[in-house]
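Here's the structure we're looking at; comments come further down.
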Amino acid sequence: MTAAIAIRGLTKTYRNGVQALRGIDLTVDTGDFFALLGPNGAGKSTTIGILSSLVDKSDGQVRVFGHDLDRERGAVKAAIGVVPQEFNFNGFEPVEEIVINQAGFYGLPRDEGRRRAGELLEALGLADKRRAMARELSGGMKRRLMIARALVHRPRLLILDEPTAGVDIELRRGMWQFLREVNQAGTTIVLTTHYLEEAESLCRHIAIIDEGRLVERSSMRALLDRLHQETFVLDLAQPLDVAPVLPVLGVRLSDPLTLEVDIARDRPLNALFAALSEAGIEVKSLRNKANRLEALFLSLTARGAAAECRDDGAPHDPA
Amino acid sequence: MTPREQFNAFNTLLTKEILRFSRIWVQTILPPMITTALYFVIFGELIGARIGEVEGFRYMDYIVPGLILMTVITQSYANVVSSFYGAKFQRHIEELMVSPMPVGLIIAGFVAGGVARGLIVGLAVMLVAAFFADLALHSLFLLLAVALLTAMLFSLGGLINAVFANSFDDVSIVPTFVLTPLTYLGGVFYSVSMLPGFWQQISLVNPVLYIVNGFRYAMLGVSDVSIGASLGLLSLGVMGLFLWAHYLLRSGRGLRG
Ligand SMILES: Nc1ncnc2c1ncn2[C@@H]1O[C@H](COP(=O)(O)OP(=O)(O)OP(=O)(O)O)[C@@H](O)[C@H]1O
Ligand SMILES: [Mg+2]
């Protein structure tokens, strides 16, 4: 099966000289629900801009469902629906018009556009705002309007740039459910977010961009597993040939005198030391192994996670 | 996009453009009608009475074609420059940029909107004129051809202006400092034969003169220049500006980072 997105060596230097992307390689499988994370200014919106033809790339190759962006731009555009980070509709147009017109720009007849707009606005809870001017909507409603607009031509790939920024927790849950259904119906989804809970509950895979470079690409599960464990580095008194069997998540001998063990964060260390004593292994010193990725990931989502704790009252384990 | 889809997309954009200026008809359609009525009262009735005949026509009747065409020029230009610049400024031009509409089709949609406004307001002004003057018709085909080409030309001009504009001020620079002088000096109110020799020569490099005279010929059958030159200039201008606009939008000038 061809990948929904295949990006190779993507770079972008803006006219003012800012190097927003410094060589990104990224693949998103068809049908995936994918989170693109990164600190402010990392290059997430730039990547999305290039995918949706709103920004010109400087170099590299982009394919969407096998269509090359340079040679088959029309096919790429038809396959993508995009919800940008900033509002970009005409505030003086009625809500329904905006969605129907977008259907038209993709070549759909007006009747069909009107039918689909009705369905989408209904599903997104905007049915009673159909005839309102777009600028009269609340921030959360505006986001949902942009989601309806992005879906009206039934794209195979939906890209959302911080779709739930500034949306209250209850509405956010509703949007998550909606997006899950869209994904289950076969649409590949890529989103950026600063909410840990959002990425965790929706996305199967993640990538982290930092300063225009891809620093991580893994499954959400593997990342969370890594976040829920801690690695200790033990300096041994006598060299070992093979790693001993210990009651922990993982054991590695990085050299004969250095043992690395992975332990779940909430587990006491006593059992480990009891087992080490029993095996006759003498530990000279112990230190915590710094985990850069973990630090990065938590900093990206800490604000979101903190907000979650306050919002729903249930303390959310941030690590 | 299939031809059918292209047709739907074009229709959507054109309908949207027509709705836009119709909704604000008090700002878009009414003022030119009032202005033209004032021109007729002042230049036609009051001053015109003292001027006498120009090329065998009452002064009032002589200025009708120029006034109508001047309206077509300003209205088609104003429509596209404000609509396209507004879309760029509010960023909803992105709705078109993410869609599979080819650049030529986007231009066609905006230009058709400008042409619609130019011709509708032109027709309204013609109705106003009918109250004051005797409308003549020399050739319906030429009348339609010149009006249509003029509206297309200035719609394209408005679009190109909007591409380069970075502020609302930039939107009014060309109309104020280029279009208005060229139009007033383009023989709307006089025949170049009334000018001294040197100014006659200067006038002949003003493209608006050819357009106004083309339209005057279509209505009255008299002109300072040949109708062929008028049509030729208009056709070349439309082609040239279309290619320029196409190049600008393709390269994403002022639109894509
Ligand atoms: N149109 C532009 N012109 C010049 N520089 C830009 C432009 N857009 C973005 N940049 C710069 O490119 C870099 C990447 O920006 P981008 O918007 O892609 O980041 P981001 O990851 O989306 O950040 P955020 O989380 O804040 O939305 C930043 O340094 C930004 O200042
Ligand atoms: Mg961004």
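We label chains A, B, ... in the order they appear in the structure tokens, count residues from 1 in each chain, and number ligands from 1 in the order shown.
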
**Request:** Quick one: pick out all alpha helix (DSSP H) residues within region 69-270 of chain A from a backbone DSSP run and write them as a count of residues only.
**Result:** 77

Test item: residues at most 12 Å from Tyr59 (chain B), only C-alpha atoms, excluding those fewer than 6 positions along its chain, as a tab-separated table (two decimals) with C-alpha atoms, in the first residue's frame:
chain	number	residue	atom	x	y	z
B	39	TYR	CA	-21.71	64.77	-15.06
B	40	PHE	CA	-24.69	65.07	-17.37
B	41	VAL	CA	-26.24	67.89	-15.40
B	42	ILE	CA	-23.01	69.88	-15.12
B	43	PHE	CA	-21.13	69.15	-18.33
B	44	GLY	CA	-24.07	68.30	-20.49
B	45	GLU	CA	-26.82	70.72	-19.50
B	46	LEU	CA	-25.01	73.68	-17.98
B	47	ILE	CA	-21.65	73.91	-19.69
B	48	GLY	CA	-22.44	71.80	-22.74
B	49	ALA	CA	-25.11	74.25	-23.83
B	50	ARG	CA	-22.36	76.81	-24.41
B	51	ILE	CA	-20.01	74.42	-26.19
B	52	GLY	CA	-22.24	73.70	-29.10
B	53	GLU	CA	-21.69	70.73	-31.39
B	65	PRO	CA	-20.02	56.83	-24.73
B	66	GLY	CA	-16.98	58.05	-22.81
B	132	PHE	CA	-30.46	63.19	-20.55
B	133	ALA	CA	-29.31	62.33	-24.01
B	134	ASP	CA	-30.32	60.64	-27.23
B	188	VAL	CA	-14.01	61.28	-22.64
B	189	PHE	CA	-15.00	64.96	-22.64
B	190	TYR	CA	-13.44	66.19	-25.87
B	191	SER	CA	-12.24	65.20	-29.28

**Message:** With 10 Å as the limit and counting only C-alpha atoms, what residues in chain B lie close to chain A? Please list them as number ranges by chain.
**Reply:** B: 1-13, 15-16, 20, 86-102, 106, 251-252, 255-257

**Request:** Report as a list in words which protein, DNA and RNA residues come within 6 Å of ligand 1, using only C-alpha atoms and all ligand atoms.
**Result:** Tyr14, Asn16, Val18, Ala20, Gly38, Pro39, Asn40, Gly41, Ala42, Gly43, Lys44, Ser45 and Thr46 of chain A; Gly257 of chain B

Restrict the selected residues to N, CA, C and O atoms and save them as an mmCIF file, in the first residue's frame.
data_model
loop_
_atom_site.group_PDB
_atom_site.id
_atom_site.type_symbol
_atom_site.label_atom_id
_atom_site.label_comp_id
_atom_site.auth_asym_id
_atom_site.auth_seq_id
_atom_site.Cartn_x
_atom_site.Cartn_y
_atom_site.Cartn_z
ATOM 1 N N TYR A 14 12.779 30.496 4.316
ATOM 2 C CA TYR A 14 11.895 31.616 3.954
ATOM 3 C C TYR A 14 12.708 32.754 3.354
ATOM 4 O O TYR A 14 13.927 32.819 3.515
ATOM 5 N N ASN A 16 13.065 35.679 4.233
ATOM 6 C CA ASN A 16 13.812 36.480 5.205
ATOM 7 C C ASN A 16 15.028 35.733 5.743
ATOM 8 O O ASN A 16 15.703 36.197 6.647
ATOM 9 N N VAL A 18 15.097 32.735 7.266
ATOM 10 C CA VAL A 18 14.855 31.751 8.325
ATOM 11 C C VAL A 18 14.823 30.342 7.727
ATOM 12 O O VAL A 18 14.102 30.088 6.773
ATOM 13 N N ALA A 20 13.453 27.166 8.174
ATOM 14 C CA ALA A 20 12.397 26.541 8.979
ATOM 15 C C ALA A 20 12.494 25.021 8.956
ATOM 16 O O ALA A 20 12.201 24.361 9.945
ATOM 17 N N GLY A 38 6.158 19.284 18.383
ATOM 18 C CA GLY A 38 7.371 20.089 18.341
ATOM 19 C C GLY A 38 7.127 21.409 19.040
ATOM 20 O O GLY A 38 5.980 21.862 19.099
ATOM 21 N N PRO A 39 8.185 22.026 19.561
ATOM 22 C CA PRO A 39 8.017 23.309 20.247
ATOM 23 C C PRO A 39 7.618 24.418 19.274
ATOM 24 O O PRO A 39 7.645 24.220 18.057
ATOM 25 N N ASN A 40 7.266 25.579 19.783
ATOM 26 C CA ASN A 40 6.924 26.727 18.935
ATOM 27 C C ASN A 40 8.068 27.016 17.987
ATOM 28 O O ASN A 40 9.227 27.035 18.394
ATOM 29 N N GLY A 41 7.715 27.212 16.710
ATOM 30 C CA GLY A 41 8.745 27.553 15.734
ATOM 31 C C GLY A 41 9.538 26.369 15.221
ATOM 32 O O GLY A 41 10.533 26.536 14.510
ATOM 33 N N ALA A 42 9.107 25.140 15.534
ATOM 34 C CA ALA A 42 9.858 23.948 15.139
ATOM 35 C C ALA A 42 9.782 23.699 13.632
ATOM 36 O O ALA A 42 10.708 23.139 13.041
ATOM 37 N N GLY A 43 8.673 24.120 13.017
ATOM 38 C CA GLY A 43 8.505 23.870 11.589
ATOM 39 C C GLY A 43 7.284 23.024 11.262
ATOM 40 O O GLY A 43 7.116 22.591 10.126
ATOM 41 N N LYS A 44 6.407 22.833 12.225
ATOM 42 C CA LYS A 44 5.211 22.019 11.983
ATOM 43 C C LYS A 44 4.296 22.674 10.946
ATOM 44 O O LYS A 44 3.905 22.043 9.962
ATOM 45 N N SER A 45 3.972 23.945 11.174
ATOM 46 C CA SER A 45 3.053 24.620 10.244
ATOM 47 C C SER A 45 3.689 24.782 8.872
ATOM 48 O O SER A 45 2.994 24.758 7.850
ATOM 49 N N THR A 46 5.000 24.948 8.837
ATOM 50 C CA THR A 46 5.689 25.052 7.554
ATOM 51 C C THR A 46 5.527 23.740 6.773
ATOM 52 O O THR A 46 5.223 23.757 5.575
ATOM 53 N N GLY B 257 4.663 31.843 0.867
ATOM 54 C CA GLY B 257 5.948 32.156 1.494
ATOM 55 C C GLY B 257 7.091 31.385 0.882
ATOM 56 O O GLY B 257 6.907 30.392 0.229
#

Residue contacts of Met33 (chain B) (10 Å, only C-alpha atoms) excluding same-chain residues fewer than 5 positions away, as a PDB file with C-alpha atoms, in the first residue's frame:
ATOM      1  CA  THR B  28     -20.948  49.515  -5.697  1.00  0.00           C
ATOM      2  CA  LEU B  38     -24.028  64.801 -12.046  1.00  0.00           C
ATOM      3  CA  TYR B  39     -21.715  64.771 -15.062  1.00  0.00           C
ATOM      4  CA  ILE B  68     -20.282  54.831 -19.897  1.00  0.00           C
ATOM      5  CA  THR B  71     -17.697  53.576 -15.553  1.00  0.00           C
ATOM      6  CA  VAL B 121     -22.995  49.218 -13.748  1.00  0.00           C
ATOM      7  CA  GLY B 122     -22.225  50.313 -17.315  1.00  0.00           C
ATOM      8  CA  LEU B 123     -25.751  49.341 -18.295  1.00  0.00           C
ATOM      9  CA  ALA B 124     -27.177  51.183 -15.289  1.00  0.00           C
ATOM     10  CA  VAL B 125     -25.274  54.298 -16.310  1.00  0.00           C
ATOM     11  CA  MET B 126     -26.545  53.907 -19.852  1.00  0.00           C
ATOM     12  CA  LEU B 127     -30.083  53.964 -18.478  1.00  0.00           C
ATOM     13  CA  VAL B 128     -29.286  57.157 -16.571  1.00  0.00           C
ATOM     14  CA  ALA B 129     -27.851  58.602 -19.770  1.00  0.00           C
TER      15      ALA B 129
END

**Asked** What is the CA of Leu171 (chain A) to CA of Lys129 (chain A) distance in Å?
**Response** 16.1 Å

Residues within 12 Å of Leu120 (chain A), only C-alpha atoms, excluding chain neighbours under 2 positions, as a PDB file with C-alpha atoms, in the first residue's frame:
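Generated output (part.pdb):
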ATOM      1  CA  VAL A  95     -21.172  29.726   7.600  1.00  0.00           C
ATOM      2  CA  GLU A  96     -22.973  27.452   5.171  1.00  0.00           C
ATOM      3  CA  VAL A  99     -18.538  25.236   3.160  1.00  0.00           C
ATOM      4  CA  ILE A 100     -20.652  25.055  -0.003  1.00  0.00           C
ATOM      5  CA  ALA A 103     -17.070  22.164  -2.284  1.00  0.00           C
ATOM      6  CA  GLY A 113     -22.026  20.784  -1.865  1.00  0.00           C
ATOM      7  CA  ARG A 114     -25.142  21.999  -0.098  1.00  0.00           C
ATOM      8  CA  ARG A 115     -26.094  18.451   0.935  1.00  0.00           C
ATOM      9  CA  ARG A 116     -22.626  17.671   2.285  1.00  0.00           C
ATOM     10  CA  ALA A 117     -22.327  21.030   4.043  1.00  0.00           C
ATOM     11  CA  GLY A 118     -25.620  20.342   5.816  1.00  0.00           C
ATOM     12  CA  GLU A 122     -24.929  18.957  11.670  1.00  0.00           C
ATOM     13  CA  ALA A 123     -22.265  16.432  12.725  1.00  0.00           C
ATOM     14  CA  LEU A 124     -20.073  19.218  14.077  1.00  0.00           C
ATOM     15  CA  GLY A 125     -22.872  20.850  16.048  1.00  0.00           C
ATOM     16  CA  LEU A 126     -23.111  23.955  13.863  1.00  0.00           C
ATOM     17  CA  ALA A 127     -26.493  23.276  12.255  1.00  0.00           C
ATOM     18  CA  ARG A 130     -25.775  27.751   9.270  1.00  0.00           C
ATOM     19  CA  ARG A 144     -15.276  23.348  13.713  1.00  0.00           C
ATOM     20  CA  LEU A 145     -16.319  25.399  10.699  1.00  0.00           C
ATOM     21  CA  MET A 146     -12.821  24.958   9.279  1.00  0.00           C
ATOM     22  CA  ILE A 147     -13.040  21.194   9.915  1.00  0.00           C
ATOM     23  CA  ALA A 148     -16.339  21.043   8.012  1.00  0.00           C
ATOM     24  CA  ARG A 149     -14.800  23.044   5.169  1.00  0.00           C
ATOM     25  CA  ALA A 150     -11.758  20.750   5.046  1.00  0.00           C
ATOM     26  CA  LEU A 151     -13.905  17.611   4.806  1.00  0.00           C
ATOM     27  CA  VAL A 152     -16.498  18.730   2.262  1.00  0.00           C
ATOM     28  CA  HIS A 153     -14.653  17.223  -0.719  1.00  0.00           C
ATOM     29  CA  ARG A 154     -14.094  13.967   1.221  1.00  0.00           C
ATOM     30  CA  PHE A 178     -15.707  13.086  15.599  1.00  0.00           C
ATOM     31  CA  VAL A 182     -13.552  10.137  10.428  1.00  0.00           C
TER      32      VAL A 182
END
